[in-house]
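Engineer: Sharing a structure, written as structure tokens. Questions coming.
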Amino acid sequence: MRTLIVFMLLSFSSLSQAAVGVFPDSTFQNLDHGLYWFGYGESWQKAVPGQTNAYYVASKPTMIYIHGWQNGSTQKKNRETFNRKDAGGPDLDLAHAWLAAGYNVGVLYWNQFADEGEVRDAEAKIWTATGPRAMRWRNSSGVYSTGPTQSASDLLFNSYRTNLAGYTGNNIRIAGHSLGNQMAIVLTKKISDAVTAGTVSSKLLP
């Protein structure tokens, strides 16, 4: 019985950061961005460098999705996941097939930066931290705050690089939707340049 209790405690400890379904209010009230890993049924856990993640194995093939323009999403406390029923789509977990095929499945979030009334203002943040709206971000009250001094693509690149530093697999795919396609291309160029410069492992090249 003692062995079983210890095992259960260890199991709960390893999943302490994991959650299912909608994101907590704090995710929208405070600035939050970067890589999240997903499991079945919209379960998720934010990637933290050096920390074990319930939904990530360094040797597995990996697919990472990047969302696009997010006008008004923060006040609605809405973040894209792999089930788009909240956007009028089918109640279907689009990560399921990837997970069943043995992939790590993740999302790189920049939603609070992408929450702009004009898509061009969100787009500028992909390229520079000194565009028309700089790197301001929106909270769930609809208020904008001054953001970091790095562009959104630099922030996502840093999250990608640090969280996949120990990756040993041989298959990484980066997918984007709408404006997220532009982010995916810029991010991949940054990864490619870093691999060429020898500052990032070639294992991380999508």
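Residues are referred to by chain and number: the chain letter is A, B, ... according to the order shown in the structure tokens, the number counts from 1 in that chain, and ligands are numbered separately from 1 in the order shown.
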Check stretch 33-195 of chain A with DSSP on the backbone and list each residue it calls alpha helix (DSSP H), as a VMD selection string.
Structural biologist: chain A and resid 96 to 100 119 to 127 152 to 163 179 to 195
Engineer: What lies within 12 Å of A:Gly41 using only C-alpha atoms, ignoring chain neighbours under 2 positions off, as a list in words?
Structural biologist: Ala19, Val20, Gly21, Val22, Phe38, Gly39, Ser43, Trp44, Thr81, Phe82, Asn83, Asp91, Leu92, Asp93, Leu94, Ala95, His96, Ala97 and Leu99 of chain A
Engineer: Skip stretch 134-147 of chain A itself and residues of its chain fewer than 2 positions away, then list as a PyMOL selection string all residues within 7 Å of it, counting only C-alpha atoms.
Structural biologist: chain A and resi 28-30+74-75+77+112-113+115+125+129-132+149+151
Engineer: Write out as an MDAnalysis selection string the residues lying within 9 Å of A:Asp32, counting only C-alpha atoms and excluding same-chain residues fewer than 6 positions away.
Structural biologist: chainID A and resid 26 109:112
Engineer: Given the choices A:Asn171, A:Asn158, A:Gly166, A:Lys203, which gets closest to A:Lys190 if the distance is worked out from only C-alpha atoms?
Structural biologist: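 The answer is A:Asn158, which sits nearest to A:Lys190.
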Engineer: Just to confirm, what's the straight-line distance from atom CA of A:Asn163 to atom CA of A:Thr128 in Å (one decimal)?
Structural biologist: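 These atoms are spaced 22.8 Å apart.
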Engineer: Can you work out which one of A:Leu155, A:Tyr160, A:Arg133, A:Gly117 has the shortest atom-to-atom distance to A:Trp37, counting only C-alpha atoms?
Structural biologist: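 Closest candidate: A:Tyr160.
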Engineer: I need the residues of stretch 28-158 of chain A that end up classed as strand (DSSP E) by DSSP on the backbone, written out as a ChimeraX atom specification.
Structural biologist: /A:34-38,43-46,62-66,104-109,137-138,144-145
Engineer: Go ahead and write the residues just picked, C-alpha atoms, as a CSV table (one decimal), in the first residue's frame.
Structural biologist:
chain,number,residue,atom,x,y,z
A,34,GLY,CA,5.3,30.7,-25.8
A,35,LEU,CA,5.1,27.0,-26.3
A,36,TYR,CA,2.3,24.8,-24.9
A,37,TRP,CA,2.3,21.0,-25.3
A,38,PHE,CA,-1.1,19.2,-25.8
A,43,SER,CA,-5.3,18.6,-22.2
A,44,TRP,CA,-2.3,20.9,-22.1
A,45,GLN,CA,0.8,21.9,-20.1
A,46,LYS,CA,3.0,25.0,-20.7
A,62,THR,CA,6.9,16.9,-33.4
A,63,MET,CA,4.2,19.1,-34.9
A,64,ILE,CA,3.8,22.7,-33.7
A,65,TYR,CA,1.0,25.0,-34.7
A,66,ILE,CA,1.0,28.9,-34.8
A,104,ASN,CA,4.4,15.6,-29.8
A,105,VAL,CA,1.8,18.3,-30.5
A,106,GLY,CA,2.2,21.9,-29.5
A,107,VAL,CA,1.0,25.5,-30.0
A,108,LEU,CA,3.2,28.6,-30.0
A,109,TYR,CA,1.0,31.3,-28.6
A,137,TRP,CA,-0.3,43.4,-25.4
A,138,ARG,CA,-4.0,43.2,-24.4
A,144,TYR,CA,-3.2,47.5,-23.5
A,145,SER,CA,0.1,47.5,-21.6
Engineer: When you count only C-alpha atoms, which of these residues is closest to A:Ala114: A:Gly50, A:Gly68, A:Pro61, A:Gly169?
Structural biologist: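 The answer is A:Gly68, which sits nearest to A:Ala114.
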Engineer: Expressed in Å to a single decimal, how great is the separation between atom CA of A:Ile191 and atom CA of A:Thr52?
Structural biologist: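 Going from atom CA of A:Ile191 over to atom CA of A:Thr52 covers 23.3 Å.
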